[in-house]
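Visitor: Below you'll find the structure I mean.
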Amino acid sequence: MAAATRTAPRAREIFTTLEYGPAPESHACALAWLDTQDRHLGHYVNGKWLKPERRNSVPCQDPITGENLAICLQAQAEDVAAAVEAARTALENWSTLPGARRAQHLTRLAKMIQKHQRLLWTLESLVTGRAVREVRDRDVPLAQQLLQYHAVQAHTQEEALAGWEPMGVIGLIVPPTFSFLEMMWRICPALAVGCTVVVLVPPASPAPLLLAQLAGELGSFPGILNMISGPTSLGPVLASQPGVQKVAFCGAVEEGRTLRRTLAGQGLELSLALGAESLLLLTEAADVDSAVEGVVDATWSDRSQGGLRLLIQESVWDETMTRLQARMGRLRVGRGLDGAVDMGARGAAARDLAQRYVHEAQSQGAQVFQAGDVPSDSPFYPPTLISDLPPASPCAQTEVPWPLVVASPFRTAKEALAVANGTPRGGSASVWSERLGQALELGYRLRMGIVWINAHGLRDPAVPTGGCKESGSSWHGGPDGLYEYLRPSGTPARQPSLSENLNYDTFGLAVPSTLPAGPETGPSSAPPYGLFVGGRFQAPGARSSRPIQDSHGNLHGYVAEGGAKDIRGAVEAAHQAAPGWVGQSPGARAALLGALAAALERRESALAARLERHGVELKVAKAEVELSVRRLRAWGARAQAQGHTLQVAELRGPVLRLREPLGVLAIVCPDEWPLLAFVSLLAPALAHGNTVVLVPSGTCPIPALEVCQDVATLLPAGLVNVVTGDRDHLTRCLALHQDVQALWYFGSVQGSQFVEWASAGNLKPVWVNRGLPRAWDQDAEGAGPELGLRAAQTKALWLPMGD
Amino acid sequence: MAAHNLGTELDLSWISKVQVNHPAVLRRAQQVQARRTVKKEWQAAWLLKAVTFIDFTTLSGDDTSSNVQRLCYKAKYPIREDLLKALNMHDKDITTAAVCVYPARVCDAVRALKAAGCNIPVASVATGFPAGQTHLKTRLEEIRLAVEDGATEIDVVINRSLVLTGQWEGSDFIKTSTGKETVNATFPVAIVMLRAIRDFFWKTGNKIGFKPAGGIRSAKDALAWLSLIKEELGDEWLKPELFRIGASTLLSDIERQIYHHVTGRYAAYHDLPMS
């Protein structure tokens with residue numbers, strides 16, 4: 001038996017060192033696929049490759065070797081238009097199909113991915129440089145699960161989502177450093193509910209194109225998923241195509257802000273998912289070794305796009321740093337297609353960003369620790385731990401990039417919360433503590449979209465994933481992900497309402513001065529006067545008033561002329577009232593809303609008389625009061641059924657889907673239905689735990705002030721604040737206020753556009769009517785589930801269990 | 001064996017401070033197996049290294065001197081000579097780390113190993129193996145007799161009733177289990193034990209050895225265990241003084257993998273000598 005046919009020259013040496021060797025995954029199939037396109041990739045539109053002539057192109061390179069893999073065409077406006085046209089055509093059929101039929105198609109796509117998974121994972125790893133292990137073992141299976149989960153949702157859509165309809169064509173914009181999985185999170189719910197999609201993928205990303213091709217090769221419904229390759233600057237072009245109803249953007253915070261401003265007034269919905277930094281909070285009651293693995297999961301395992309802010313309790317600081325540094329020493333960095341590396345490379349841009357941050361941190365006095373088995377050639381960046389960064393330094397305020405961890409100590413859990421919540425970011429966080437009470441307390445009080453207890457980075461299609469604050473308030477996964485692509489049935493489609501010459505600098509800046517306008521006449525008694533702020537009526541800062549005329553043009557009364565300082569005071573009062581109101585149980589909130597409803601009933605004749613003076617028939621006025629009473633009671637009852645528990649495959653333990661208050665919610669009420677609209681907006685806002693600053697109807701603000709007389713005696717001070725005055729001016733103050741967490745605006749076209757533009761400041765979620773009237777007396781529009789959805793934000797709290 | 005664990009003051013606050021998050025440890029256990037892989041000559045070298053960690057074991061009721069003798073011979077020559085030559089490893093004196101038998105078979109093992117002309121240590125399970133539920137007096141006597149017969153390593157079954165009531169014992173080596181339980185060496189349990197070993201080392205400077213036993217049958221398993229030790233404790237623990245694998249059938253699978261590595265063919269059962 002001749003054994004020596006293949007020898008291993010290095011075995012002796014390895015036997016002594018016991019080192020790891022290269023474990024390359026063959027990417028021959030990825031190259032073979034690129035060859036089928038002659039290494040020349042275009043766009044994938046309407047089930048076909050689109051490779052127009054005379055276009056710029058960019059090379060698609062292996063980020064590690066720099067080898068040119070293919071040439072990718074860059075789209076121009078007409079290519080985008082062609083893709084949107086294909087999606088519009090496909091929409092007619094796709095959106096009217098029975099859900100079961102769409103479910104079937106999504107399931108077929110899941111199977112298609114399963115059949116070609118090796119091609120998908122090698123291509124993705126080859127081009128992005130991410131560790132193939134992560135793509136193969138996590139992304140690709142998750143992509144299939146996403147399709148399957150959403151197929152089930154499509155199946156039950158007619159029943160579970162009655163009263164909602166698909167929005168239409170969705171434009172999706174994804175950033176250069178993203179995985180195809182991020183795209184799947186958004187495509188799946190959109191397709192499931194009956195929307196069609198145009199994705200603007202970054203230049204040189206073949207994996208999404210492959211995915212589109214796989215979908216196209218299913219044969220039926222070719223135009224539902226279209227991929228256009230091009231720079232993010234094409235985003236506004238995509239958004240401005242007629243027929244696009246919504247744009248979903250994920251990427252950097254500043255890009256999101258710019259896009260928000262650009263798209264103001266274009267009449268389409270915009271959802272943002274911004275930034276990639278995460279947070280890990282390690283208490284002294286933690287399993288420190290496991291928490292250290294959590295840090296690895298969060299930053300150094302090619303799972304997430306961003307860096308990590310690490311908060312460590314002072315008493316375990318030394319121990320944690322020792323363990324963390326020891327663990328870092330065992331990390332392996334290398335070619336993504338190597339099956340035994342923890343981290344691949346992300347290309348020059350990501351590396352330079354990390355390098356800049358590290359240099360800056362060092363110059364600001366921080367300690368930098370780098371370790372791991374890292375090849376010395378340039379595309380790689382080592383796992384990096386930064387500590388002793390002064391909290392006030394500029395670096396401490398900016399987002400931590402991949403693959404950096406910035407550690408800082410805290411003394412008490414309370415301080416940890418203050419630090420963690422003290423940033424504009426509100427993406428994801430994990431809490432590490434073996435003390436149940438402490439873990440839950442921290443989990444509930446972190447202002448984040450996702451919180452994991454004793455784990456980091458878990459994902460599941462059934463669990464909504466999103467954020468708050470400047471991380472953007474959009475959701476994917478779970479029920480919340482579906483609503484992103486739905487609108488209440490009968491909502492008018494997008495109408496371009498852009499006024500080009502709206503001057504953002506001057507809109508609502510000045511308040512026209514008002515003069516005495518004659519004697520207050522009329523049947524009813526003198527109306528309440530003043531701004532209702534902090535639980536009492538106050539004189540406005542400007543010490544001026546504005547006259548309110550009744551329907552005959554006679555002076556009904558004067559209301560206070562509120563201004564910027566009054567808005568500031570009102571927002572402050574609302575913030576002071578917030579902790580107490582959030583702490584109330586839904587039952588207690590319902591009881592107070594019920595009491596307010598009863599008070600309104602007692603005041604019915606006075607309110608009806610006020611409405612009558614504004615030209616409302618007495619019978620209709622009475623009906624308006626009655627309906628308002630009903631609204632208060634209904635929202636009190638609905639708020640008691642909030643949030644629920646999700647069961648996740650492969651996870652022992654529940655995930656809580658919490659519905660949390662937005663914070664201080666500013667509401668600019670419409671002119672019409674002066675009482676009913678005011679109450680219809682106020683009730684859901686309060687029921688969901690928000691504190692509010694309202695601007696009542698401009699033409700008829702007095703009924704709202706009348707209600708405030710009861711609010712003053714029944715509700716905690718500061719919970720409801722009503723500021724009268726020039727609507728444009730007040731809207732301006734509220735929209736630009738950085739500490740207002742959300743804004744609902746029902747007014748003019750220009751006002752809506754301004755609100756959308758100004759909301760880019762703190763990226764508050766806004767809801768604007770674009771000058772369109774709303775049937776406040778109809779339950780669908782005046783008290784529909786849409787209000788409840790908009791009045792609270794979701795948080796997913798993961799609670800893995802085990803003994 | 002390494003220098004003995006000289007022990008330290010019993011400080012139960014160490015134990016009470018230990019936090020173990022079960023689901024997190026389970027996740028780590030899954031990852032460790034998925035994140036490291038060795039191929040080609042690295043795999044061959046790692047497998048040969050694994051051989052040198054094996055406590056080559058027979059613990060059957062029907063053990064006799066003949067099968068113990070065969071075991072000892074295989075311990076001395078674990079991999080076919082021509083395969084080792086092909087790898088240029090034939091002069092590395094690759095043997096298993098020890099042979100492990102019941103106390104009554106220690107004499108047979110010592111005799112057989114002497115006849116084979118090698119100094120592989122004989123380990124013996126003792127102290128009422130596998131339950132450990134016998135009197136302290138007979139347990140001690142059992143150890144004494146095994147040592148008299150020539151055993152140089154004793155796998156002691158601790159009195160688990162004491163552990164469960166919080167009364168701890170010390171040792172040079174810790175073992176996942178007897179190998180005779182329904183669940184034996186699992187990754188999550190090992191992770192917790194290895195972290196305890198590391199903490200003990202950081203606190204006292206004493207290196208405690210680790211021995212997973214039971215259920216480790218495939219070459220792939222063995223590689224996963226090696227990388228687990230490498231990841232959690234580091235290379236300094238990857239030597240027979242500090243790491244053993246208690247196994248009986250593992251060796252033949254390793255030999256088959258080596259055969260495949262060298263020849264590019266899969267071996268038939270009769271191609272490799274039995275133990």
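Residues are referred to by chain and number: the chain letter is A, B, ... according to the order shown in the structure tokens, the number counts from 1 in that chain, and ligands are numbered separately from 1 in the order shown.
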Taking a cut-off of 8 Å and counting only C-alpha atoms, can you build a table that, for each residue of chain B near chain A, reports the nearest atom pair and how far apart they are in Å (one decimal), sorted by chain then residue number, as a Markdown table?

Guide:
```
| residue | atom | partner | partner_atom | distance |
| --- | --- | --- | --- | --- |
| B:Val18 | CA | A:Asp287 | CA | 7.5 |
| B:Gln19 | CA | A:Asp287 | CA | 4.6 |
| B:Val20 | CA | A:Asp287 | CA | 5.3 |
| B:Asn21 | CA | A:Asp287 | CA | 6.0 |
| B:His22 | CA | A:Gly802 | CA | 5.3 |
| B:Pro23 | CA | A:Gly802 | CA | 5.5 |
| B:Ala24 | CA | A:Ser290 | CA | 5.9 |
| B:Val25 | CA | A:Ser290 | CA | 6.6 |
| B:Arg28 | CA | A:Glu293 | CA | 7.3 |
| B:Ala34 | CA | A:Arg133 | CA | 7.7 |
| B:Arg35 | CA | A:Ala340 | CA | 5.5 |
| B:Arg36 | CA | A:Ala340 | CA | 4.4 |
| B:Thr37 | CA | A:Ala340 | CA | 5.4 |
| B:Val38 | CA | A:Gly21 | CA | 6.1 |
| B:Lys39 | CA | A:Ala23 | CA | 5.8 |
| B:Glu41 | CA | A:Ala11 | CA | 5.5 |
| B:Trp42 | CA | A:Gly21 | CA | 5.9 |
| B:Ala44 | CA | A:Ala11 | CA | 6.9 |
| B:Ala45 | CA | A:Phe15 | CA | 4.8 |
| B:Trp46 | CA | A:Phe15 | CA | 6.4 |
| B:Leu48 | CA | A:Phe15 | CA | 7.3 |
| B:Lys49 | CA | A:Phe15 | CA | 6.2 |
| B:Asp82 | CA | A:Ala3 | CA | 6.3 |
| B:Leu83 | CA | A:Ala3 | CA | 6.1 |
| B:Lys85 | CA | A:Ala4 | CA | 7.8 |
| B:Ala86 | CA | A:Ala4 | CA | 4.8 |
| B:Leu87 | CA | A:Ala8 | CA | 5.5 |
| B:Asn88 | CA | A:Arg12 | CA | 7.0 |
| B:Met89 | CA | A:Arg12 | CA | 6.3 |
| B:Arg195 | CA | A:Asp289 | CA | 7.9 |
| B:Glu231 | CA | A:Arg330 | CA | 6.4 |
| B:Asp235 | CA | A:Leu18 | CA | 7.7 |
| B:Tyr259 | CA | A:Ala3 | CA | 7.9 |
| B:His261 | CA | A:Arg6 | CA | 7.6 |
| B:Val262 | CA | A:Arg6 | CA | 5.3 |
| B:Thr263 | CA | A:Thr5 | CA | 5.6 |
| B:Gly264 | CA | A:Arg6 | CA | 7.5 |
```

Visitor: Would you please extract all strand (DSSP E or B) residues from stretch 538-767 of chain A, as assigned by DSSP on the backbone, and give them as a ChimeraX atom specification?

Guide: /A:538,545-549,555-560,644-647,654-661,664-668,691-695,720-722,742-745,766-767

Visitor: Any chance you can output those residues with C-alpha atoms as a compact mmCIF listing (two decimals), in the first residue's frame?

Guide:
```txt
# COMPACT_ATOMS: atom_id res chain seq x y z
CA GLN A 538 -51.18 82.76 31.04
CA SER A 545 -53.92 89.55 21.21
CA ARG A 546 -55.61 88.61 18.00
CA PRO A 547 -59.28 89.09 17.28
CA ILE A 548 -61.46 86.13 16.36
CA GLN A 549 -64.44 86.82 14.17
CA LEU A 555 -65.82 90.11 16.85
CA HIS A 556 -66.28 86.94 18.90
CA GLY A 557 -63.42 87.63 21.24
CA TYR A 558 -59.68 88.00 21.55
CA VAL A 559 -57.22 85.19 21.95
CA ALA A 560 -53.65 85.51 23.06
CA HIS A 644 -47.83 42.26 22.95
CA THR A 645 -45.47 39.35 23.21
CA LEU A 646 -43.87 37.82 20.16
CA GLN A 647 -42.69 34.27 19.94
CA PRO A 654 -40.25 36.08 24.67
CA VAL A 655 -39.71 39.25 22.72
CA LEU A 656 -41.86 42.08 23.96
CA ARG A 657 -43.24 44.45 21.38
CA LEU A 658 -43.74 47.57 23.47
CA ARG A 659 -45.67 50.61 22.37
CA GLU A 660 -44.06 53.61 23.98
CA PRO A 661 -44.97 57.30 23.96
CA VAL A 664 -43.66 65.69 23.58
CA LEU A 665 -46.01 65.64 20.62
CA ALA A 666 -46.87 68.92 18.92
CA ILE A 667 -50.19 69.09 17.10
CA VAL A 668 -51.30 71.84 14.78
CA THR A 691 -47.68 65.04 26.53
CA VAL A 692 -48.88 67.59 24.01
CA VAL A 693 -48.52 71.12 22.77
CA LEU A 694 -51.47 72.04 20.56
CA VAL A 695 -52.19 74.89 18.24
CA VAL A 720 -51.88 69.52 27.66
CA ASN A 721 -50.69 72.91 26.51
CA VAL A 722 -52.63 75.04 24.05
CA ALA A 742 -43.07 64.44 16.86
CA LEU A 743 -45.29 66.85 14.97
CA TRP A 744 -48.72 66.45 13.40
CA TYR A 745 -49.69 69.24 11.08
CA VAL A 766 -44.07 64.23 11.13
CA TRP A 767 -47.57 63.69 9.86
```

Visitor: Return the single residue from A:Leu337, A:Met167, A:Leu238, A:Ala100 that is closest to A:Arg130, with distances computed using only C-alpha atoms.

Guide: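 The answer is A:Leu337, which sits nearest to A:Arg130.
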
Visitor: Leaving out B:Ile120 and any residue of its chain fewer than 3 positions from it, which residues lie within 10 Å of it when counting only C-alpha atoms, given as a list in words?

Guide: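 Neighbouring residues, sequence-local ones excluded: Cys72, Ala75, Lys76, Thr95, Thr96, Ala97, Ala98, Val99, Ala109, Val110, Leu113, Lys114, Ala116, Gly117, Ala123 and Thr152 of chain B.
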
Visitor: Show me, as a PDB file with N, CA and C atoms, in the first residue's frame, the residues that have an atom within 12 Å of B:Gly205 when counting only C-alpha atoms, minus same-chain residues fewer than 5 positions from it.

Guide:
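Result file selection04.pdb:
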```
ATOM      1  N   ALA B   3       2.988  20.693  37.284  1.00  0.00           N
ATOM      2  CA  ALA B   3       3.189  20.854  38.725  1.00  0.00           C
ATOM      3  C   ALA B   3       1.839  20.832  39.404  1.00  0.00           C
ATOM      4  N   HIS B   4       1.825  20.251  40.588  1.00  0.00           N
ATOM      5  CA  HIS B   4       0.525  20.117  41.244  1.00  0.00           C
ATOM      6  C   HIS B   4      -0.070  21.452  41.622  1.00  0.00           C
ATOM      7  N   ASN B   5      -1.363  21.453  41.635  1.00  0.00           N
ATOM      8  CA  ASN B   5      -2.095  22.603  42.136  1.00  0.00           C
ATOM      9  C   ASN B   5      -1.883  22.657  43.641  1.00  0.00           C
ATOM     10  N   LEU B   6      -1.143  23.679  44.076  1.00  0.00           N
ATOM     11  CA  LEU B   6      -0.850  23.766  45.500  1.00  0.00           C
ATOM     12  C   LEU B   6      -2.030  24.267  46.300  1.00  0.00           C
ATOM     13  N   GLY B   7      -3.046  24.650  45.568  1.00  0.00           N
ATOM     14  CA  GLY B   7      -4.242  25.081  46.270  1.00  0.00           C
ATOM     15  C   GLY B   7      -4.144  26.512  46.723  1.00  0.00           C
ATOM     16  N   THR B   8      -5.232  26.980  47.230  1.00  0.00           N
ATOM     17  CA  THR B   8      -5.312  28.351  47.703  1.00  0.00           C
ATOM     18  C   THR B   8      -6.361  28.365  48.801  1.00  0.00           C
ATOM     19  N   ILE B 197     -11.289  27.868  34.761  1.00  0.00           N
ATOM     20  CA  ILE B 197      -9.856  27.568  34.788  1.00  0.00           C
ATOM     21  C   ILE B 197      -9.046  28.842  34.550  1.00  0.00           C
ATOM     22  N   ARG B 198      -9.497  29.632  33.585  1.00  0.00           N
ATOM     23  CA  ARG B 198      -8.783  30.863  33.254  1.00  0.00           C
ATOM     24  C   ARG B 198      -8.819  31.840  34.439  1.00  0.00           C
ATOM     25  N   ASP B 199      -9.997  31.961  35.053  1.00  0.00           N
ATOM     26  CA  ASP B 199     -10.105  32.881  36.188  1.00  0.00           C
ATOM     27  C   ASP B 199      -9.196  32.436  37.320  1.00  0.00           C
ATOM     28  N   PHE B 200      -9.147  31.127  37.565  1.00  0.00           N
ATOM     29  CA  PHE B 200      -8.311  30.586  38.630  1.00  0.00           C
ATOM     30  C   PHE B 200      -6.843  30.879  38.341  1.00  0.00           C
TER      31      PHE B 200
END
```

Visitor: Using only C-alpha atoms, determine which residues lie at most 8 Å from A:Pro231, disregarding the query and same-chain residues fewer than 6 positions distant; provide the list as JSON, numbers by chain.

Guide: {"A": [74, 200, 201, 202, 203]}

Visitor: I'd like the interatomic distance between atom CA of A:Leu789 and atom CA of A:Ala87, to a tenth of an Å.

Guide: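 Spanning atom CA of A:Leu789 to atom CA of A:Ala87 is a straight-line distance of 27.7 Å.
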
Visitor: How far is it from atom CA of A:Ala28 to atom CA of A:Ser304, in Å with one decimal?

Guide: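 Between atom CA of A:Ala28 and atom CA of A:Ser304 the gap works out to 26.7 Å.
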
Visitor: Assign secondary structure with DSSP using the backbone only, and return the residues of stretch 329-526 of chain A in alpha helix (DSSP H) as a PyMOL selection string.

Guide: chain A and resi 347-363+394-397+413-421+436-445+478-483

Visitor: Need the shell around A:Ala462: protein/DNA/RNA residues with any atom at most 7 Å away, counting only C-alpha atoms. Skip same-chain ones fewer than 3 positions apart. Format as a list in words?

Guide: Gly477, Gly478 and Val648 of chain A

Visitor: Using only C-alpha atoms, which residues sit within 10 Å of B:Trp237 once same-chain residues fewer than 3 positions away are excluded, as a ChimeraX atom specification?

Guide: /B:207-210,226,229-230,232-234,240-243

Visitor: Taking all heavy atoms for each residue, export the selection above as a short mmCIF file (atom, residue, chain, number, x, y, z; two decimals), in the first residue's frame.

Guide:
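The new file out.cif reads:
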```
data_model
loop_
_atom_site.label_atom_id
_atom_site.label_comp_id
_atom_site.auth_asym_id
_atom_site.auth_seq_id
_atom_site.Cartn_x
_atom_site.Cartn_y
_atom_site.Cartn_z
N LYS B 207 -2.13 26.65 36.79
CA LYS B 207 -2.81 26.19 35.59
C LYS B 207 -3.46 24.83 35.87
O LYS B 207 -2.77 23.86 36.19
CB LYS B 207 -1.83 26.04 34.44
CG LYS B 207 -1.36 27.36 33.89
CD LYS B 207 -0.40 27.14 32.74
CE LYS B 207 0.14 28.47 32.25
NZ LYS B 207 1.28 28.29 31.36
N ILE B 208 -4.75 24.81 35.74
CA ILE B 208 -5.49 23.56 35.94
C ILE B 208 -5.77 22.95 34.57
O ILE B 208 -6.07 23.67 33.62
CB ILE B 208 -6.82 23.86 36.68
CG1 ILE B 208 -6.55 24.54 38.01
CG2 ILE B 208 -7.64 22.60 36.86
CD1 ILE B 208 -5.77 23.70 38.99
N GLY B 209 -5.66 21.63 34.50
CA GLY B 209 -5.89 20.96 33.23
C GLY B 209 -7.37 20.68 33.00
O GLY B 209 -8.19 20.82 33.91
N PHE B 210 -7.68 20.31 31.74
CA PHE B 210 -9.08 20.11 31.37
C PHE B 210 -9.21 18.85 30.53
O PHE B 210 -8.41 18.60 29.62
CB PHE B 210 -9.57 21.32 30.59
CG PHE B 210 -10.98 21.17 30.09
CD1 PHE B 210 -12.05 21.18 30.98
CD2 PHE B 210 -11.24 21.00 28.74
CE1 PHE B 210 -13.35 21.04 30.53
CE2 PHE B 210 -12.54 20.87 28.28
CZ PHE B 210 -13.59 20.88 29.19
N LEU B 226 -10.15 21.29 20.07
CA LEU B 226 -8.85 21.97 20.08
C LEU B 226 -9.01 23.47 19.89
O LEU B 226 -8.39 24.28 20.59
CB LEU B 226 -7.94 21.40 18.96
CG LEU B 226 -6.88 20.42 19.43
CD1 LEU B 226 -7.51 19.19 20.06
CD2 LEU B 226 -5.98 20.02 18.28
N ILE B 229 -10.28 25.15 23.04
CA ILE B 229 -9.24 25.40 24.04
C ILE B 229 -8.37 26.58 23.62
O ILE B 229 -8.06 27.47 24.40
CB ILE B 229 -8.33 24.14 24.20
CG1 ILE B 229 -9.16 22.92 24.57
CG2 ILE B 229 -7.23 24.38 25.23
CD1 ILE B 229 -9.82 22.98 25.90
N LYS B 230 -8.02 26.58 22.32
CA LYS B 230 -7.18 27.66 21.79
C LYS B 230 -7.87 29.00 21.96
O LYS B 230 -7.23 29.99 22.33
CB LYS B 230 -6.92 27.37 20.31
CG LYS B 230 -5.82 28.18 19.67
CD LYS B 230 -5.62 27.68 18.23
CE LYS B 230 -4.83 28.65 17.39
NZ LYS B 230 -3.40 28.66 17.68
N GLU B 232 -10.47 29.82 24.10
CA GLU B 232 -10.84 30.24 25.45
C GLU B 232 -9.64 30.33 26.39
O GLU B 232 -9.62 31.16 27.28
CB GLU B 232 -11.90 29.30 26.04
CG GLU B 232 -13.29 29.46 25.42
CD GLU B 232 -14.02 30.74 25.85
OE1 GLU B 232 -13.77 31.23 26.97
OE2 GLU B 232 -14.85 31.25 25.08
N LEU B 233 -8.65 29.45 26.22
CA LEU B 233 -7.52 29.46 27.14
C LEU B 233 -6.20 29.86 26.48
O LEU B 233 -5.31 30.39 27.13
CB LEU B 233 -7.35 28.07 27.78
CG LEU B 233 -8.45 27.65 28.75
CD1 LEU B 233 -8.22 26.23 29.22
CD2 LEU B 233 -8.49 28.58 29.96
N GLY B 234 -6.08 29.57 25.19
CA GLY B 234 -4.85 29.94 24.50
C GLY B 234 -3.95 28.74 24.26
O GLY B 234 -4.16 27.65 24.82
N PRO B 240 -0.31 18.01 26.45
CA PRO B 240 -0.92 16.89 27.20
C PRO B 240 -0.94 17.13 28.70
O PRO B 240 -1.77 16.56 29.39
CB PRO B 240 -0.03 15.70 26.85
CG PRO B 240 0.71 16.08 25.63
CD PRO B 240 0.80 17.57 25.59
N GLU B 241 -0.04 17.96 29.22
CA GLU B 241 -0.04 18.23 30.65
C GLU B 241 -1.29 18.96 31.08
O GLU B 241 -1.64 18.96 32.26
CB GLU B 241 1.18 19.06 31.05
CG GLU B 241 2.51 18.35 30.90
CD GLU B 241 3.02 18.40 29.47
OE1 GLU B 241 2.43 19.12 28.65
OE2 GLU B 241 4.00 17.68 29.17
N LEU B 242 -1.93 19.66 30.15
CA LEU B 242 -3.07 20.49 30.52
C LEU B 242 -4.34 20.19 29.75
O LEU B 242 -5.39 20.75 30.03
CB LEU B 242 -2.72 21.97 30.35
CG LEU B 242 -1.72 22.52 31.38
CD1 LEU B 242 -1.25 23.91 30.97
CD2 LEU B 242 -2.35 22.57 32.76
N PHE B 243 -4.24 19.31 28.76
CA PHE B 243 -5.45 19.03 28.01
C PHE B 243 -5.47 17.58 27.57
O PHE B 243 -4.50 17.08 27.01
CB PHE B 243 -5.55 19.96 26.79
CG PHE B 243 -6.73 19.66 25.91
CD1 PHE B 243 -8.02 19.68 26.44
CD2 PHE B 243 -6.57 19.36 24.57
CE1 PHE B 243 -9.12 19.41 25.63
CE2 PHE B 243 -7.67 19.09 23.76
CZ PHE B 243 -8.94 19.11 24.29
#
```

Visitor: With only C-alpha atoms as the basis for distance, which of A:Cys733, A:Leu353, A:Ala564, A:Val247 is at the shortest distance from A:Leu270?

Guide: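 Using only C-alpha atoms, the shortest distance to A:Leu270 belongs to A:Val247.
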
Visitor: In Å, with one decimal, what is the gap from atom CA of A:His40 to atom CA of A:Ala70?

Guide: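 Atom CA of A:His40 sits 5.6 Å away from atom CA of A:Ala70.
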
Visitor: Choose the residue, out of A:Arg309, A:Arg54, A:Arg346, A:His105, that has the smallest atom-to-atom separation from A:Ala407; count only C-alpha atoms.

Guide: A:Arg309

Visitor: Nearest to A:Gln738 among A:Glu786, A:Glu78, A:Glu470, A:Glu319, with distances taken over only C-alpha atoms: which residue is it?

Guide: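 Of A:Glu786, A:Glu78, A:Glu470, A:Glu319, the one nearest A:Gln738 is A:Glu470, counting only C-alpha atoms.
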